[in-house]
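Trainee: This is the structure I want to talk about, given as structure tokens.
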Amino acid sequence: MAGLVVLLSDFGLTDPYLGQMKGALLAQAPDARLVDLCHQVEPFDISQAGFFLAASHGHFPAGTAFVSVVDPGVGTSRGIILLKKFGQFFLAPDNGLLTLIMHKAGEASAFQVAGPWPEGASPTFHGRDIFAPLAGRLATGATPQSLGQGVTLEGLVRLPGLRPVLTGQVLSAVVLHVDRFGNCLLNLETSLWADRLARAKSLSMASAKNSVQWVRTYQDMGPGQIGLLAGSQGYLELAVRQAKAAEQLGLARGSQVNFTLEAGD
Amino acid sequence: MAGLVVLLSDFGLTDPYLGQMKGALLAQAPDARLVDLCHQVEPFDISQAGFFLAASHGHFPAGTAFVSVVDPGVGTSRGIILLKKFGQFFLAPDNGLLTLIMHKAGEASAFQVAGPWPEGASPTFHGRDIFAPLAGRLATGATPQSLGQGVTLEGLVRLPGLRPVLTGQVLSAVVLHVDRFGNCLLNLETSLWADRLARAKSLSMASAKNSVQWVRTYQDMGPGQIGLLAGSQGYLELAVRQAKAAEQLGLARGSQVNFTLEAGD
Amino acid sequence: MAGLVVLLSDFGLTDPYLGQMKGALLAQAPDARLVDLCHQVEPFDISQAGFFLAASHGHFPAGTAFVSVVDPGVGTSRGIILLKKFGQFFLAPDNGLLTLIMHKAGEASAFQVAGPWPEGASPTFHGRDIFAPLAGRLATGATPQSLGQGVTLEGLVRLPGLRPVLTGQVLSAVVLHVDRFGNCLLNLETSLWADRLARAKSLSMASAKNSVQWVRTYQDMGPGQIGLLAGSQGYLELAVRQAKAAEQLGLARGSQVNFTLEAGD
């Protein structure tokens with residue numbers, strides 16, 4: 001049986017681009033199993049795509065190949081990389097999309113995927129003409145080594161500003177994504193930050209002069225109360241019960257959020 | 001071969017939530033066949049989701065498992081139910097989502113699905129962490145009995161107001177859904193109401209003071225005319241030819257519509 | 001193994017219509033492989049659907065069956081056709097949707113698909129009740145001959161106005177589609193027009209009084225510059241670097257664009 005391939009892009013669903021990419025993939029690997037992670041990443045938003053990947057990969061089985069195409073540099077000389085981590089494969093442009101995946105704890109190896117690209121590959125649509133056939137090869141059992149040359153992780157492009165900064169009592173975080181329900185997903189990995197914030201004696205948002213409540217579920221908040229919770233994405237999130245936190249707090253993707261922590265015991 | 005699983009939710013397509021749920025399902029049942037019914041149910045709109053299910057299940061083969069996650073009570077003590085009806089399986093929160101399915105004629109049996117839930121299940125995302133593995137077990141042949149305990153249908157939560165009311169000559173119905181083309185789908189099952197309304201000598205809408213024409217297809221209406229027809233969804237619908245009936249008639253999901261029937265022969 | 005079926009429609013994703021169509025198809029052909037090309041074709045826009053198909057089919061393997069349901073005449077006596085071309089199958093209403101496919105070079109044969117339609121087929125939803133079972137039969141190996149009677153291509157409905165017109169130095173084209181990135185896709189097949197336009201000494205748009213630059217990729221344009229390029233869709237497109245060409249140039253689907261060419265050597 002051919003492998004599971006998960007697709008992530010900013011192609012949207014109003015054009016035939018995603019369908020064409022699937023056609024090219026299935027032409028190479030007729031038995032591959034395809035799953036859409038999301039294709040409504042904001043156009044060119046590398047960091048949102050990277051967040052989706054970091055929040056999602058752990059729910060897929062080992063061996064899954066993730067193909068991420070948010071690629072403002074398509075047609076330039078930017079590289080293509082294949083990262084092997086968590087027993088899974090991550091194929092993406094070398095533009096920082098995999099930064100959060102690289103930040104996570106775990107052993108990884110990286111490969112610079114080299115051409116020659118398929119003859120006639122469009123310089124404007126590598127997703128279909130280059131990434132899809134590569135994914136097809138992965139799905140049919142090709143090794144990373146057969147796709148490219150091993151490189152050091154240090155040489156790969158990383159997005160700056162994705163690590164939270166704690167200065168004294170002020171924790172400076174960034175909104176990585178606002179979800180359909182208005183919840184604001186932050187660059188605070190649950191495994192690194194939940195305990196510390198749950199233990200804080202008080203918590204407030206500098207901007208909103210509002211106190212923030214550490215809660216376990218959306219139902220634990222009172223109406224209108226601002227909650228910070230571990231959520232389900234592996235990253236902490238700001239929420240307001242049955243309201244859109246982003247609207248209420250004036251936050252959007254990329255917004256900086258400063259929390260003031262009064263230390264607990 | 002593993003079974004067919006149909007997914008219905010209010011997750012939308014701009015977040016990675018649906019993809020994560022599919023990952024969790026395939027981790028459990030690698031060969032399951034997945035079909036999306038719709039994921040753009042209005043957030044928390046249990047009755048719209050229930051309508052989609054009631055209108056759609058009959059077009060899928062026997063043995064299909066429908067997993068419906070519109071779940072405003074996620075993380076509370078609301079139950080999870082598995083209904084077996086029409087030779088198919090319906091997994092949903094016990095919040096009334098299956099009301100229209102239960103209203104339909106046919107033998108049914110119900111099961112209260114009990115934990116223990118998977119360790120580490122998120123209290124805010126049961127779709128991925130509880131429903132998906134359950135669906136995976138159904139897809140690989142688990143019996144309802146192995147998932148939960150048989151319960152009486154009478155004990156299940158039902159949404160009120162979904163049964164039409166006929167008082168004298170006035171038939172009071174509700175708009176369950178406005179589709180992409182502006183057609184208004186009503187809580188009038190075709191098998192129960194079509195003959196009676198088709199035979200009416202005249203038909204009018206109290207609110208619009210407009211006469212309504214019983215028609216067979218959209219093409220049978222004159223321009224601007226209001227048509228009531230059997231449509232394709234198993235429920236009657238209001239339409240205006242090549243126009244959006246909802247806009248023209250000022251109707252939306254949840255709107256009440258009163259028809260006055262002058263009886264025919 | 002059952003075949004690959006590609007689905008194209010104007011059903012959108014906010015209704016359960018597409019899911020129902022897939023259910024009907026899988027009821028007929030449980031092993032069919034389904035891929036969505038696009039379901040957000042503008043309601044009733046036959047020419048946009050035809051463009052998506054013409055731009056996409058070449059990326060799918062031989063033997064693929066394309067089922068296209070943009071069908072304003074559903075329920076009338078319009079026919080249903082099956083076209084065999086490029087070793088692939090194209091099933092569609094006989095309403096001109098396949099015009100661009102027919103314009104392409106290549107041998108083709110056409111079949112008029114005849115009933116009797118399945119008993120109880122809805123007069124308003126042939127996609128689910130007629131096209132899906134037909135597609136299921138194709139996917140399980142039915143021959144075109146077993147689905148309908150051979151007819152001449154000349155007898156099929158074609159949309160007018162889809163061929164570009166060159167009058168002296170003025171090339172008159174039409175915008176077939178505006179994509180998510182604002183690029184304007186034109187009815188100028190790359191294989192027929194790219195060389196000629198690339199060789200032009202100068203190129204301008206009559207309406208915009210703007211000079212247009214022939215470019216190879218989006219990156220070859222300066223900021224604000226209007227580029228004409230071969231793109232990835234097999235048809236030429238107008239683009240503005242990291243801006244929405246359609247907005248900037250006041251173009252939309254169906255807009256006419258007149259280029260003035262000063263001949264090169």
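Naming works like this for the structure tokens: A, B, ... for the chains as they're shown, residue 1 at the start of each chain, ligands 1 onward in shown order.
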Using only C-alpha atoms and a cut-off of 6 Å, which residues of chain A sit close to chain C? Please list them as a list in words.
Mentor: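 Selected residues: Thr14, Pro16, Gly19, Gln20, Gly23, Ala24, Ala27 and Ser122 of chain A.
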Trainee: Next, the residues of the selection above should be written as a PDB file, in the first residue's frame with all heavy atoms.
Mentor:
ATOM      1  N   THR A  14     -11.081  28.020  -4.666  1.00  0.00           N
ATOM      2  CA  THR A  14     -11.875  28.602  -5.746  1.00  0.00           C
ATOM      3  C   THR A  14     -11.193  28.451  -7.102  1.00  0.00           C
ATOM      4  O   THR A  14     -11.754  28.834  -8.115  1.00  0.00           O
ATOM      5  CB  THR A  14     -12.160  30.093  -5.484  1.00  0.00           C
ATOM      6  OG1 THR A  14     -10.916  30.768  -5.296  1.00  0.00           O
ATOM      7  CG2 THR A  14     -13.013  30.265  -4.233  1.00  0.00           C
ATOM      8  N   PRO A  16      -8.628  25.740  -9.677  1.00  0.00           N
ATOM      9  CA  PRO A  16      -8.407  24.293  -9.869  1.00  0.00           C
ATOM     10  C   PRO A  16      -6.995  23.869  -9.494  1.00  0.00           C
ATOM     11  O   PRO A  16      -6.586  22.760  -9.816  1.00  0.00           O
ATOM     12  CB  PRO A  16      -8.651  24.119 -11.373  1.00  0.00           C
ATOM     13  CG  PRO A  16      -8.278  25.420 -11.980  1.00  0.00           C
ATOM     14  CD  PRO A  16      -8.559  26.487 -10.945  1.00  0.00           C
ATOM     15  N   GLY A  19      -6.622  20.691  -7.220  1.00  0.00           N
ATOM     16  CA  GLY A  19      -7.004  19.508  -7.985  1.00  0.00           C
ATOM     17  C   GLY A  19      -5.915  19.092  -8.956  1.00  0.00           C
ATOM     18  O   GLY A  19      -5.604  17.906  -9.091  1.00  0.00           O
ATOM     19  N   GLN A  20      -5.308  20.064  -9.623  1.00  0.00           N
ATOM     20  CA  GLN A  20      -4.221  19.742 -10.561  1.00  0.00           C
ATOM     21  C   GLN A  20      -3.042  19.102  -9.833  1.00  0.00           C
ATOM     22  O   GLN A  20      -2.414  18.168 -10.334  1.00  0.00           O
ATOM     23  CB  GLN A  20      -3.758  21.014 -11.281  1.00  0.00           C
ATOM     24  CG  GLN A  20      -4.821  21.591 -12.217  1.00  0.00           C
ATOM     25  CD  GLN A  20      -4.409  22.935 -12.820  1.00  0.00           C
ATOM     26  OE1 GLN A  20      -3.277  23.376 -12.672  1.00  0.00           O
ATOM     27  NE2 GLN A  20      -5.339  23.588 -13.497  1.00  0.00           N
ATOM     28  N   GLY A  23      -3.835  15.588  -9.155  1.00  0.00           N
ATOM     29  CA  GLY A  23      -3.718  14.806 -10.384  1.00  0.00           C
ATOM     30  C   GLY A  23      -2.273  14.416 -10.644  1.00  0.00           C
ATOM     31  O   GLY A  23      -1.970  13.252 -10.938  1.00  0.00           O
ATOM     32  N   ALA A  24      -1.377  15.388 -10.502  1.00  0.00           N
ATOM     33  CA  ALA A  24       0.046  15.126 -10.755  1.00  0.00           C
ATOM     34  C   ALA A  24       0.597  14.117  -9.758  1.00  0.00           C
ATOM     35  O   ALA A  24       1.418  13.261 -10.105  1.00  0.00           O
ATOM     36  CB  ALA A  24       0.838  16.429 -10.685  1.00  0.00           C
ATOM     37  N   ALA A  27      -0.798  10.693 -10.638  1.00  0.00           N
ATOM     38  CA  ALA A  27      -0.189  10.172 -11.862  1.00  0.00           C
ATOM     39  C   ALA A  27       1.109   9.443 -11.505  1.00  0.00           C
ATOM     40  O   ALA A  27       1.483   8.454 -12.142  1.00  0.00           O
ATOM     41  CB  ALA A  27       0.082  11.304 -12.850  1.00  0.00           C
ATOM     42  N   SER A 122       6.416  24.191 -14.817  1.00  0.00           N
ATOM     43  CA  SER A 122       6.085  25.610 -14.860  1.00  0.00           C
ATOM     44  C   SER A 122       6.901  26.371 -13.825  1.00  0.00           C
ATOM     45  O   SER A 122       6.977  25.956 -12.671  1.00  0.00           O
ATOM     46  CB  SER A 122       4.598  25.795 -14.563  1.00  0.00           C
ATOM     47  OG  SER A 122       4.352  27.144 -14.222  1.00  0.00           O
TER      48      SER A 122
END
Trainee: Can you tell me which residues surround Leu134 of chain B at a distance of at most 12 Å, considering only C-alpha atoms, apart from same-chain residues fewer than 4 positions away, and format the answer as a ChimeraX atom specification?
Mentor: /B:5,21,24-29,65-68,80-82,89-92,113-118,126-130,138-144,146-148
Trainee: What's the separation between atom CA of Val257 of chain C and atom CA of Leu203 of chain C, in Å to one decimal place?
Mentor: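 If I compute the distance from atom CA of Val257 of chain C to atom CA of Leu203 of chain C, I get 12.3 Å.
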Trainee: Would you mind reading off the distance between atom CA of Leu176 of chain C and atom CA of Val215 of chain C, one decimal, in Å?
Mentor: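 That distance, rounded to one decimal, is 20.2 Å.
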